[in-house]
Each structure stands twice: as C-alpha cells, then as structure tokens.
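Reproduced below: structure15.txt, with compact mmCIF, C-alpha atoms.
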# COMPACT_ATOMS: atom_id res chain seq x y z
CA MET A 29 127.64 148.35 204.16
CA ASN A 30 124.42 150.20 204.89
CA ALA A 31 122.14 150.19 201.83
CA ASN A 32 121.01 153.74 202.63
CA ASP A 33 124.59 154.91 202.11
CA VAL A 34 124.62 153.84 198.44
CA ILE A 35 121.02 154.32 197.35
CA ARG A 36 120.30 157.58 195.56
CA LYS A 37 119.08 160.12 198.11
CA ASP A 38 116.07 160.86 195.87
CA LEU A 39 114.76 157.35 196.58
CA LEU A 40 114.93 157.48 200.35
CA GLY A 41 111.50 157.95 201.85
CA ILE A 42 109.62 157.04 198.66
CA GLY A 43 107.03 154.39 199.46
CA ASP A 44 105.13 152.01 197.21
CA THR A 45 102.12 153.18 195.23
CA VAL A 46 98.69 151.67 195.93
CA HIS A 47 96.37 150.55 193.14
CA GLY A 48 93.01 148.83 192.78
CA GLY A 49 92.30 145.72 190.72
CA GLN A 50 93.44 143.16 193.31
CA ALA A 51 90.32 140.98 193.52
CA TRP A 52 91.84 138.40 191.17
CA LYS A 53 93.73 137.15 194.22
CA LEU A 54 90.43 136.28 195.94
CA LYS A 55 88.26 133.45 194.65
CA GLY A 56 84.71 134.41 193.67
CA VAL A 57 85.04 138.16 194.36
CA GLU A 58 83.67 140.64 191.80
CA ASP A 59 86.13 143.52 191.39
CA PHE A 60 84.55 146.99 191.39
CA SER A 61 87.85 148.58 192.46
CA HIS A 62 89.19 148.89 188.91
CA ASN A 63 87.83 150.76 185.86
CA LEU A 64 87.80 148.18 183.05
CA ASN A 65 85.53 147.52 180.10
CA PRO A 66 82.73 145.41 181.65
CA PHE A 67 82.54 143.19 178.56
CA GLY A 68 86.01 141.88 179.36
CA PRO A 69 88.52 141.22 176.57
CA PRO A 70 87.13 140.59 173.06
CA ILE A 71 86.35 136.92 172.34
CA CYS A 72 88.81 137.02 169.43
CA LEU A 73 91.73 137.91 171.69
CA HIS A 74 92.95 134.35 172.15
CA LYS A 75 93.19 133.82 168.40
CA ILE A 76 94.97 137.13 167.92
CA ILE A 77 97.57 136.19 170.53
CA PHE A 78 97.95 132.72 169.01
CA ASP A 79 98.56 134.26 165.58
CA ALA A 80 101.02 136.74 167.08
CA ALA A 81 103.09 133.92 168.57
CA ALA A 82 104.41 133.12 165.10
CA GLY A 83 106.69 136.15 165.40
CA ILE A 84 108.36 135.46 168.75
CA ASP A 85 111.43 133.85 167.18
CA HIS A 86 113.00 137.26 166.57
CA TYR A 87 113.42 140.50 168.48
CA PRO A 88 110.38 142.80 168.42
CA ASP A 89 110.42 145.85 166.18
CA ASP A 90 112.04 148.41 168.46
CA SER A 91 110.28 151.26 166.64
CA SER A 92 106.82 149.54 166.85
CA SER A 93 106.31 150.84 163.31
CA ASP A 94 103.14 148.90 162.44
CA LEU A 95 101.44 149.78 165.73
CA ARG A 96 102.44 153.43 165.43
CA GLU A 97 101.06 153.50 161.90
CA THR A 98 97.79 151.95 163.10
CA LEU A 99 97.51 154.48 165.91
CA SER A 100 98.29 157.36 163.54
CA GLU A 101 95.47 156.30 161.24
CA HIS A 102 93.01 155.86 164.10
CA PHE A 103 93.84 159.12 165.87
CA LYS A 104 94.67 161.08 162.69
CA VAL A 105 98.19 162.11 163.63
CA ASP A 106 101.54 161.41 161.98
CA PRO A 107 103.42 158.26 163.12
CA LYS A 108 106.25 160.60 164.14
CA ASN A 109 103.88 161.96 166.81
CA VAL A 110 103.49 158.53 168.48
CA ILE A 111 105.56 156.66 171.05
CA ILE A 112 104.77 153.16 172.38
CA GLY A 113 105.11 151.98 175.95
CA ALA A 114 104.65 148.84 178.01
CA GLY A 115 101.38 150.22 179.34
CA SER A 116 100.78 153.93 179.91
CA SER A 117 102.78 153.52 183.14
CA ASP A 118 105.90 153.06 181.00
CA ILE A 119 105.36 156.49 179.44
CA ILE A 120 104.53 157.99 182.84
CA ARG A 121 108.02 156.85 183.82
CA MET A 122 109.68 158.10 180.60
CA PHE A 123 108.34 161.63 180.88
CA PRO A 124 110.04 162.90 184.07
CA ASN A 125 113.21 160.99 183.22
CA THR A 126 113.33 162.90 179.92
CA PHE A 127 112.37 166.41 181.01
CA LEU A 128 112.65 166.89 184.78
CA GLU A 129 116.03 167.57 186.33
CA ARG A 130 116.75 167.20 190.03
CA GLY A 131 114.98 170.01 191.87
CA ASP A 132 112.52 170.84 189.07
CA LYS A 133 108.94 171.19 190.27
CA ALA A 134 105.92 169.30 188.94
CA LEU A 135 102.35 170.40 189.69
CA ILE A 136 100.00 167.46 190.28
CA MET A 137 96.33 167.55 191.24
CA ASN A 138 95.27 165.99 194.53
CA PRO A 139 93.70 163.50 194.36
CA SER A 140 95.00 162.00 191.13
CA PHE A 141 96.81 158.91 189.85
CA ALA A 142 99.60 158.04 192.27
CA GLU A 143 102.19 157.07 189.64
CA TYR A 144 102.69 160.70 188.54
CA SER A 145 104.08 161.77 191.89
CA HIS A 146 105.93 158.52 192.37
CA GLN A 147 107.84 158.73 189.10
CA CYS A 148 108.57 162.45 189.49
CA ARG A 149 110.13 161.80 192.90
CA ILE A 150 112.18 158.91 191.55
CA ALA A 151 113.56 161.31 188.92
CA GLY A 152 114.51 163.75 191.69
CA ALA A 153 111.80 166.30 190.96
CA VAL A 154 109.83 168.14 193.63
CA VAL A 155 106.09 167.47 193.66
CA LYS A 156 103.80 170.42 194.27
CA GLU A 157 100.20 169.43 194.91
CA LEU A 158 97.15 171.42 193.85
CA PRO A 159 94.11 170.36 195.90
CA LEU A 160 90.89 169.72 194.02
CA ARG A 161 88.27 171.26 196.28
CA GLU A 162 84.85 169.87 197.15
CA SER A 163 83.52 173.43 196.97
CA ASN A 164 84.38 173.29 193.24
CA ASP A 165 83.04 169.74 192.80
CA LEU A 166 86.64 168.42 192.72
CA ARG A 167 87.23 170.11 189.37
CA ILE A 168 90.25 172.07 188.19
CA ASP A 169 90.19 175.78 188.97
CA VAL A 170 92.10 177.13 185.95
CA ASP A 171 93.07 180.43 187.56
CA GLU A 172 94.37 178.66 190.66
CA LEU A 173 96.27 176.18 188.50
CA LEU A 174 97.92 178.91 186.46
CA THR A 175 98.91 180.82 189.58
CA SER A 176 100.29 177.66 191.20
CA SER A 177 102.24 176.65 188.09
CA GLU A 178 104.31 179.82 187.71
CA ASP A 179 107.42 178.11 189.10
CA VAL A 180 106.93 174.56 187.79
CA LYS A 181 108.44 172.66 184.87
CA ALA A 182 105.44 170.39 184.23
CA VAL A 183 101.72 170.20 185.00
CA TYR A 184 99.97 166.82 185.20
CA ILE A 185 96.28 166.49 184.29
CA CYS A 186 94.24 163.27 184.25
CA ASN A 187 91.04 163.44 182.17
CA PRO A 188 88.81 161.75 183.30
CA ASN A 189 90.56 162.23 186.61
CA ASN A 190 91.38 159.10 188.55
CA PRO A 191 89.96 158.65 191.19
CA THR A 192 87.29 161.38 191.05
CA GLY A 193 85.80 160.54 187.64
CA ARG A 194 85.48 164.22 186.75
CA ILE A 195 85.91 165.16 183.08
CA GLU A 196 87.20 168.57 182.03
CA PRO A 197 86.04 169.99 178.65
CA ARG A 198 88.51 170.35 175.81
CA ASP A 199 88.48 174.15 175.73
CA LYS A 200 89.41 174.27 179.42
CA ILE A 201 92.35 171.89 178.89
CA LEU A 202 93.56 173.77 175.81
CA ARG A 203 93.45 177.06 177.70
CA ILE A 204 95.77 175.55 180.30
CA VAL A 205 98.09 174.14 177.61
CA LYS A 206 98.27 177.49 175.81
CA GLU A 207 99.00 179.50 178.96
CA CYS A 208 101.61 176.96 180.07
CA SER A 209 103.28 177.07 176.66
CA GLU A 210 103.76 180.80 176.99
CA ARG A 211 105.75 180.24 180.20
CA ASN A 212 107.66 177.16 178.91
CA THR A 213 105.79 174.73 181.13
CA LEU A 214 105.08 171.20 179.91
CA VAL A 215 101.60 169.67 180.21
CA PHE A 216 101.28 165.91 180.70
CA LEU A 217 97.70 164.94 179.85
CA ASP A 218 96.48 161.43 180.72
CA GLU A 219 93.52 160.35 178.56
CA THR A 220 93.85 156.67 179.43
CA LEU A 221 90.24 156.40 180.59
CA LEU A 222 88.67 158.64 177.97
CA GLU A 223 87.96 156.03 175.27
CA LEU A 224 85.25 154.53 177.51
CA VAL A 225 83.30 157.81 177.51
CA PRO A 226 80.74 158.00 174.66
CA ASP A 227 81.55 161.58 173.58
CA HIS A 228 85.33 161.22 173.98
CA GLY A 229 85.96 162.53 170.44
CA ASP A 230 84.72 165.95 171.53
CA ILE A 231 86.94 165.95 174.63
CA SER A 232 90.27 164.46 173.54
CA CYS A 233 93.12 166.83 172.71
CA ILE A 234 95.18 164.36 170.64
CA GLU A 235 94.51 166.17 167.37
CA TYR A 236 96.16 169.29 168.83
CA VAL A 237 99.57 167.83 169.70
CA ASN A 238 101.27 169.54 166.75
CA GLU A 239 99.77 172.92 167.60
CA PHE A 240 101.68 173.13 170.89
CA ASP A 241 105.33 172.69 171.83
CA ASN A 242 104.56 171.55 175.39
CA LEU A 243 101.78 168.94 175.22
CA VAL A 244 102.20 165.21 175.88
CA ILE A 245 99.12 162.94 175.88
CA ILE A 246 98.99 159.29 176.90
CA GLY A 247 96.50 156.51 176.22
CA SER A 248 96.28 152.77 176.76
CA LEU A 249 94.36 149.63 175.82
CA THR A 250 94.34 148.43 179.44
CA LYS A 251 90.95 149.88 180.41
CA SER A 252 89.24 150.07 177.03
CA PHE A 253 89.80 146.40 176.16
CA ALA A 254 90.02 145.07 179.74
CA ILE A 255 93.51 143.62 179.19
CA PRO A 256 95.66 144.86 182.11
CA GLY A 257 97.76 141.69 181.83
CA ILE A 258 98.97 142.77 178.37
CA ARG A 259 100.99 145.95 178.73
CA ILE A 260 100.18 148.29 175.83
CA GLY A 261 100.32 152.07 176.13
CA PHE A 262 101.02 154.96 173.79
CA GLY A 263 101.84 158.63 173.86
CA PHE A 264 101.30 161.54 171.47
CA SER A 265 103.27 164.76 171.13
CA ASN A 266 105.16 166.88 168.66
CA GLU A 267 108.13 165.26 166.93
CA ASN A 268 110.78 166.99 169.06
CA ILE A 269 109.29 165.72 172.31
CA ILE A 270 108.78 162.21 170.93
CA ASN A 271 112.40 162.08 169.76
CA ALA A 272 113.59 163.15 173.21
CA MET A 273 111.47 160.54 174.99
CA ASN A 274 112.73 157.83 172.66
CA LYS A 275 116.22 158.47 174.05
CA VAL A 276 114.93 157.40 177.48
CA ARG A 277 112.64 154.58 176.29
CA MET A 278 114.08 151.17 177.01
CA THR A 279 115.09 149.24 173.89
CA TRP A 280 112.52 146.56 172.93
CA ASN A 281 110.22 147.83 175.67
CA VAL A 282 107.12 146.34 173.98
CA GLY A 283 107.16 142.74 172.79
CA HIS A 284 106.01 141.42 169.43
CA ILE A 285 102.85 139.83 170.83
CA GLU A 286 101.78 143.11 172.43
CA GLN A 287 102.49 145.14 169.28
CA TYR A 288 100.63 142.69 167.03
CA THR A 289 97.69 142.38 169.43
CA ALA A 290 97.32 146.14 169.89
CA ALA A 291 97.39 146.82 166.15
CA CYS A 292 94.69 144.20 165.53
CA LEU A 293 92.44 145.48 168.30
CA ILE A 294 92.69 149.12 167.24
CA ARG A 295 92.30 148.37 163.56
CA ASP A 296 89.42 145.89 163.72
CA HIS A 297 87.69 145.87 167.12
CA MET A 298 87.06 149.38 168.40
CA ASP A 299 83.33 148.63 168.34
CA HIS A 300 84.01 146.57 171.46
CA VAL A 301 85.00 149.79 173.21
CA THR A 302 82.24 151.93 171.70
CA ASP A 303 79.52 149.49 172.78
CA ALA A 304 80.93 149.34 176.32
CA ALA A 305 81.00 153.14 176.58
CA LYS A 306 77.30 153.34 175.63
CA LEU A 307 76.39 150.63 178.15
CA MET A 308 78.29 152.26 180.99
CA ARG A 309 76.77 155.67 180.34
CA SER A 310 73.31 154.11 180.75
CA GLU A 311 74.34 151.98 183.72
CA SER A 312 75.95 154.96 185.48
CA ARG A 313 72.56 156.65 185.51
CA TYR A 314 70.92 153.44 186.70
CA MET A 315 73.36 152.98 189.58
CA HIS A 316 73.04 156.63 190.58
CA ARG A 317 69.28 156.33 190.80
CA GLU A 318 69.15 152.94 192.53
CA LEU A 319 71.84 153.69 195.11
CA ASN A 320 70.22 156.97 196.10
CA ASP A 321 66.85 155.21 196.37
CA ILE A 322 68.24 152.85 199.04
CA GLY A 323 69.77 155.76 200.99
CA PHE A 324 73.35 155.48 199.74
CA LYS A 325 73.86 159.06 198.58
CA VAL A 326 76.04 159.40 195.48
CA GLY A 327 76.46 162.18 192.98
CA MET A 328 76.18 161.62 189.23
CA THR A 329 79.50 160.72 187.67
CA ASP A 330 80.85 162.30 184.46
CA SER A 331 82.43 159.00 183.53
CA PHE A 332 81.93 155.34 184.44
CA PHE A 333 83.14 155.20 188.04
CA PHE A 334 82.05 156.84 191.27
CA PHE A 335 84.16 158.58 193.92
CA GLU A 336 82.09 158.98 197.05
CA SER A 337 82.33 159.82 200.74
CA LEU A 338 80.77 157.48 203.30
CA ARG A 339 79.90 160.38 205.61
CA SER A 340 76.20 160.12 204.76
CA ILE A 341 75.94 156.56 206.12
CA GLY A 342 78.22 157.04 209.13
CA MET A 343 80.51 154.10 208.40
CA ASP A 344 84.27 154.10 208.06
CA VAL A 345 85.86 152.74 204.90
CA PRO A 346 87.56 149.63 206.38
CA GLU A 347 84.25 148.46 207.84
CA PHE A 348 82.37 149.20 204.61
CA LYS A 349 85.00 147.37 202.56
CA LYS A 350 84.87 144.39 204.93
CA ARG A 351 81.08 144.16 204.72
CA MET A 352 81.12 144.45 200.92
CA LEU A 353 83.73 141.69 200.71
CA SER A 354 81.41 139.46 202.72
CA SER A 355 79.04 139.83 199.74
CA ASP A 356 81.91 139.06 197.34
CA ILE A 357 82.30 142.66 196.16
CA MET A 358 85.59 144.58 196.25
CA ILE A 359 85.66 148.38 196.28
CA ARG A 360 88.62 150.78 196.29
CA ASP A 361 89.61 152.30 199.61
CA CYS A 362 90.74 155.84 198.68
CA GLY A 363 92.65 156.62 201.87
CA SER A 364 95.90 156.27 199.91
CA PHE A 365 95.05 159.53 198.11
CA GLY A 366 95.57 161.50 201.31
CA GLU A 367 94.06 162.34 204.68
CA ARG A 368 91.18 164.30 203.09
CA PHE A 369 89.92 161.12 201.42
CA ARG A 370 90.09 158.56 204.21
CA ASP A 371 86.28 158.44 204.16
CA HIS A 372 86.08 158.02 200.35
CA ILE A 373 85.65 154.96 198.15
CA ARG A 374 85.76 154.42 194.41
CA PHE A 375 83.72 151.87 192.50
CA CYS A 376 83.16 151.27 188.81
CA VAL A 377 80.16 150.57 186.60
CA LYS A 378 79.61 147.17 184.98
CA ASP A 379 76.67 145.46 183.27
CA ARG A 380 73.17 145.31 184.76
CA LYS A 381 73.50 141.89 186.39
CA ARG A 382 76.70 142.78 188.25
CA ASN A 383 75.53 146.30 189.06
CA ASP A 384 72.47 144.79 190.72
CA MET A 385 74.82 142.55 192.71
CA PHE A 386 76.67 145.67 193.84
CA ILE A 387 73.46 147.49 194.81
CA ASP A 388 72.24 144.45 196.77
CA ALA A 389 75.60 144.27 198.56
CA VAL A 390 75.35 147.95 199.52
CA ARG A 391 71.84 147.36 200.85
CA LYS A 392 73.06 144.45 203.01
CA THR A 393 76.09 146.46 204.14
CA MET A 394 73.87 149.30 205.32
CA ASP A 395 71.47 147.03 207.22
CA GLY A 396 71.69 147.75 210.92
CA VAL A 397 73.53 151.06 210.50
CA SER A 398 71.93 153.62 212.81
Serialized structure, structure tokens:
Amino acid sequence: MNANDVIRKDLLGIGDTVHGGQAWKLKGVEDFSHNLNPFGPPICLHKIIFDAAAGIDHYPDDSSSDLRETLSEHFKVDPKNVIIGAGSSDIIRMFPNTFLERGDKALIMNPSFAEYSHQCRIAGAVVKELPLRESNDLRIDVDELLTSSEDVKAVYICNPNNPTGRIEPRDKILRIVKECSERNTLVFLDETLLELVPDHGDISCIEYVNEFDNLVIIGSLTKSFAIPGIRIGFGFSNENIINAMNKVRMTWNVGHIEQYTAACLIRDHMDHVTDAAKLMRSESRYMHRELNDIGFKVGMTDSFFFFESLRSIGMDVPEFKKRMLSSDIMIRDCGSFGERFRDHIRFCVKDRKRNDMFIDAVRKTMDGVS
C-alpha cells in the first residue's frame, strides 16, 4: 500500500514548519534566535512545580477552572471568555479546526508566524498571503487588507508581528475587527509577545472580546516567563466562540502541573515580566545605537527583537550565521519566511552583558568584509 493513497489529500505537500530557539542543542551557545524574557524563568519556579506535583495522582481539571479564573481576574474578562491550551500553538491548531471548512480562505500576513498557515492547510483551508511591504515599513496597510479579505473566512494578525517586530496600535486593529465583523469574517489576533512590551496595556484588545462576534485573541506564558518547556497558552473570545472551540479542544489538553504553575505565576509574579519589559525597551535602544556605530545598519524596533536585512554589509545569511556561531551566538535565519527574506535575520534583546557579547560577535563577523 502506498501511504499517499490513504493520507488525506490536504496533507500532501505540506512541509514542516521552521522555528528558532534551537541553541539548547549546542553547548555554550547563547541563543538570540528566540524572543524570551532575558531574566529566564523566575527563581521560585522550581518550588512551584514541586508543590504542583502533589496533584498528579488524579486527572487534571479538564475545564482548567482555577487558571481560567486567575486569567479572568488579571485580564478583566469573564472566565467564560477564556480557553486554555498546551501553549498558544494548541489554540492556533484549534481555531481552523473549529471554524474553517475545506476550501475556506484564510488571509495571513507575509512574513508572519509559520504555524498559522501550517494549521490552516492541515484543516483543508486555502491560505491567501498579504505581503507586508518594505515601502510601508512592513506594517499592515488596512485598506489593502480589507480589500484582500473580501472573500476570506478568517484574517490572522500577529501583534507584535513575528518575525518583523512591528506593533500595530489598538485603534488600527479594532478598525480591522469592526470592518471584518460587518462581512462575517473572523479575526485571529496573536498577542503572545505583547506582555513583554512596556505599554502593552494600551495596545492589547483583550478587553474588547465581548464587543465583537468575530474576535479571537491568544496569549502565552512561553515568552513572558521564558518557560517554553512548559506548555501554557490561553485564548479569549466571546462565549459562543469559546464554546465552539471547546468542542475541538482535546480532553485534558493541559496537565495539572501546567495549570497550577500558570495560575501561580500570573497571580503572584507578573513583576518578573514587567521588569523584563522595561529592561528590554532600554536595551533595544542601546543595541540600535551600538550596532549602527560599528556599521551594522539596523532600524529601531517597536518591540524587543530586530528583523534586519544583511544587504548593507554584503554578506549572505548562511555565512553570517556561521561566523556568529563561531563566537557562540545563534541568530535566526529568516529565509523560511519566503524568497523575499533570504537576506534577513532576526535576533532578540537580552541583558547588557549578553547584548555586548552579541555586538562584539557582530564586530568580529564583519571584520574583513569588503
């Protein structure tokens, strides 16, 4: 039997997604390819996990009631507006499997997080890409988006956008949501990275989920607490959408240790995130200044990671990445985001000591480049 004869046709031709954060496989390499809290996990995390282990002798609460209550208090929404996932990627998978039928179209920015397209295609949906143009500083053109979304079932927006780091203001996002609502188009808004931006409270749209019938927002503790090995994500929407997604959510999708840990971190340790956001805002400005001073031309980021072309130094990305690795620094090769970005890299912001290591590595990498 040929496997291609029994596999769903929607899956044929779908490749693997590519992600950063792989330096843990290499001894002594500092990972600038991911976008995590530079403080690392809170010191108290080991004790929290130890305390949580007391509850592993029974099935986890399938409704994640305590965690949903904690999130509702923190984000000022009703628990009925919250769904829990094994990382935000779990909810990224739930969404198209709940709302997109085979042949439905989804509009996704390019470049943006690869899992959106991947999961839409697995569900049998057709992905329609909207290019973010350098002439518009890689930002969303609302009029172009609205024109392009006339025949789509869902629009995906990442804010801050991964990999570009651009942040769109709240009023711009809400305009898109409102216009899409009038044409029965869903909006999937990823705010996973937003907590690490100092003024995120003025940007987030979570408080508006009950004002629209088409808005789904996701968040996660992965980046904000630097705990990618513990899969904790959450989504917000109106009650009807949450109820529909719960039909697709896998039973017991989030374990007891994850639920307990997440509730403790959100309830008692958000200062760990707030302090990191302040540091990275300052360090972003520092890295921008220092890198430009040594001839590595970068623009100022809205967030806490940079998305830059290597055109100005005349070096291709594989060679740059190789030279940086020789200084024990890993960066993200952005060629996986499409042909337009084969000369682009992404790198994050950390604390001063490690940022200086990065700047020194760039200086060494550029030595001898004519």
Point to revise | Selection: 6 Å around region 214-219 of chain A, all atoms listed in the file, excl. self and same-chain fewer than 2 positions, as a count of residues only | key: 14
Show me, as JSON lines, the residues of region 324-376 of chain A having an atom within 12 Å of region 282-305 of chain A, each with the closest atom pair and its distance in Å, using all atoms listed in the file.
{"residue": "A:Ser331", "atom": "CA", "partner": "A:Ala305", "partner_atom": "CA", "distance": 9.2}
{"residue": "A:Phe332", "atom": "CA", "partner": "A:Ala305", "partner_atom": "CA", "distance": 8.2}
{"residue": "A:Phe333", "atom": "CA", "partner": "A:Ala305", "partner_atom": "CA", "distance": 11.8}
Check your understanding: Hey, which of A:Glu162, A:Glu157, A:Glu267, A:Glu223 ends up closest to Ser252 (chain A)? Count all atoms listed in the file.
Key ->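 Nearest candidate to Ser252 (chain A) out of A:Glu162, A:Glu157, A:Glu267, A:Glu223: A:Glu223.
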Exercise for review: Find the residue from A:Ile195, A:Ala153, A:Ile77, A:Ile341 that sits nearest to Asp165 (chain A); use all atoms listed in the file when measuring.
Suggested key: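 Of A:Ile195, A:Ala153, A:Ile77, A:Ile341, the one nearest Asp165 (chain A), counting all atoms listed in the file, is A:Ile195.
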**Study point:** Residue nearest Phe127 (chain A) - candidates A:Met343, A:Leu353, A:Val180, A:Met308, atoms counted: only C-alpha atoms
**Key:**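 Going through A:Met343, A:Leu353, A:Val180, A:Met308 one by one, the smallest distance to Phe127 (chain A) is for A:Val180.
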Practice item. Write out as a ChimeraX atom specification each polymer residue whose atoms come within 9 Å of Phe386 (chain A), counting only C-alpha atoms; drop sequence neighbours fewer than 5 positions from it. Key: /A:58,60,352,355,357,381,391
Exercise for review: List every protein, DNA or RNA residue that has at least one atom no more than 12 Å from (83.1, 146.0, 203.1) in the file's coordinates, counting all atoms listed in the file, and write the result as a VMD selection string.
Suggested key: chain A and resid 57 60 to 61 338 343 to 361 373 386 389 to 394
Using all atoms listed in the file, find each residue of region 191-291 of chain A with at least one atom at most 8 Å away from an atom of region 116-121 of chain A; report its shortest atom-to-atom pair and that distance in Å (one decimal), sort the rows by chain and rising residue number, and return the result as a tab-separated table.
residue	atom	partner	partner_atom	distance
A:Thr220	CA	A:Ser116	CA	7.5
A:Ile246	CA	A:Ser116	CA	6.4
A:Gly247	CA	A:Ser116	CA	6.2
A:Ser248	CA	A:Ser116	CA	5.6
A:Ile260	CA	A:Ser116	CA	7.0
A:Gly261	CA	A:Ser116	CA	4.2
A:Phe262	CA	A:Ser116	CA	6.2
A:Gly263	CA	A:Ile119	CA	6.9
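Going from CA of Phe240 (chain A) over to CA of Lys181 (chain A), you cover 15.5 Å.
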Practice item. Have a look at CA of Asp379 (chain A) and CA of Phe365 (chain A) and let me know their distance in Å, one decimal. Key: 27.5 Å
Practice item. Find the distance between CA of Arg277 (chain A) and CA of Gly113 (chain A) and write it in Å to one decimal. Key: 8.0 Å
Point to revise | Residue with smallest distance to Asp89 (chain A) - pool A:Pro66, A:Ile168, A:Thr279, A:Leu319, counting all atoms listed in the file | key: A:Thr279
For Met137 (chain A), please output as a PDB file with C-alpha atoms, keeping the file's coordinate frame all residues within 6 Å (counting all atoms listed in the file; exclusion window: fewer than 2 positions along the same chain).
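Output contents, as saved in around-v2.pdb:
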ATOM      1  CA  PRO A 139      93.700 163.500 194.360  1.00  0.00           C
ATOM      2  CA  SER A 140      95.000 162.000 191.130  1.00  0.00           C
ATOM      3  CA  GLU A 157     100.200 169.430 194.910  1.00  0.00           C
ATOM      4  CA  LEU A 158      97.150 171.420 193.850  1.00  0.00           C
ATOM      5  CA  PRO A 159      94.110 170.360 195.900  1.00  0.00           C
TER       6      PRO A 159
END
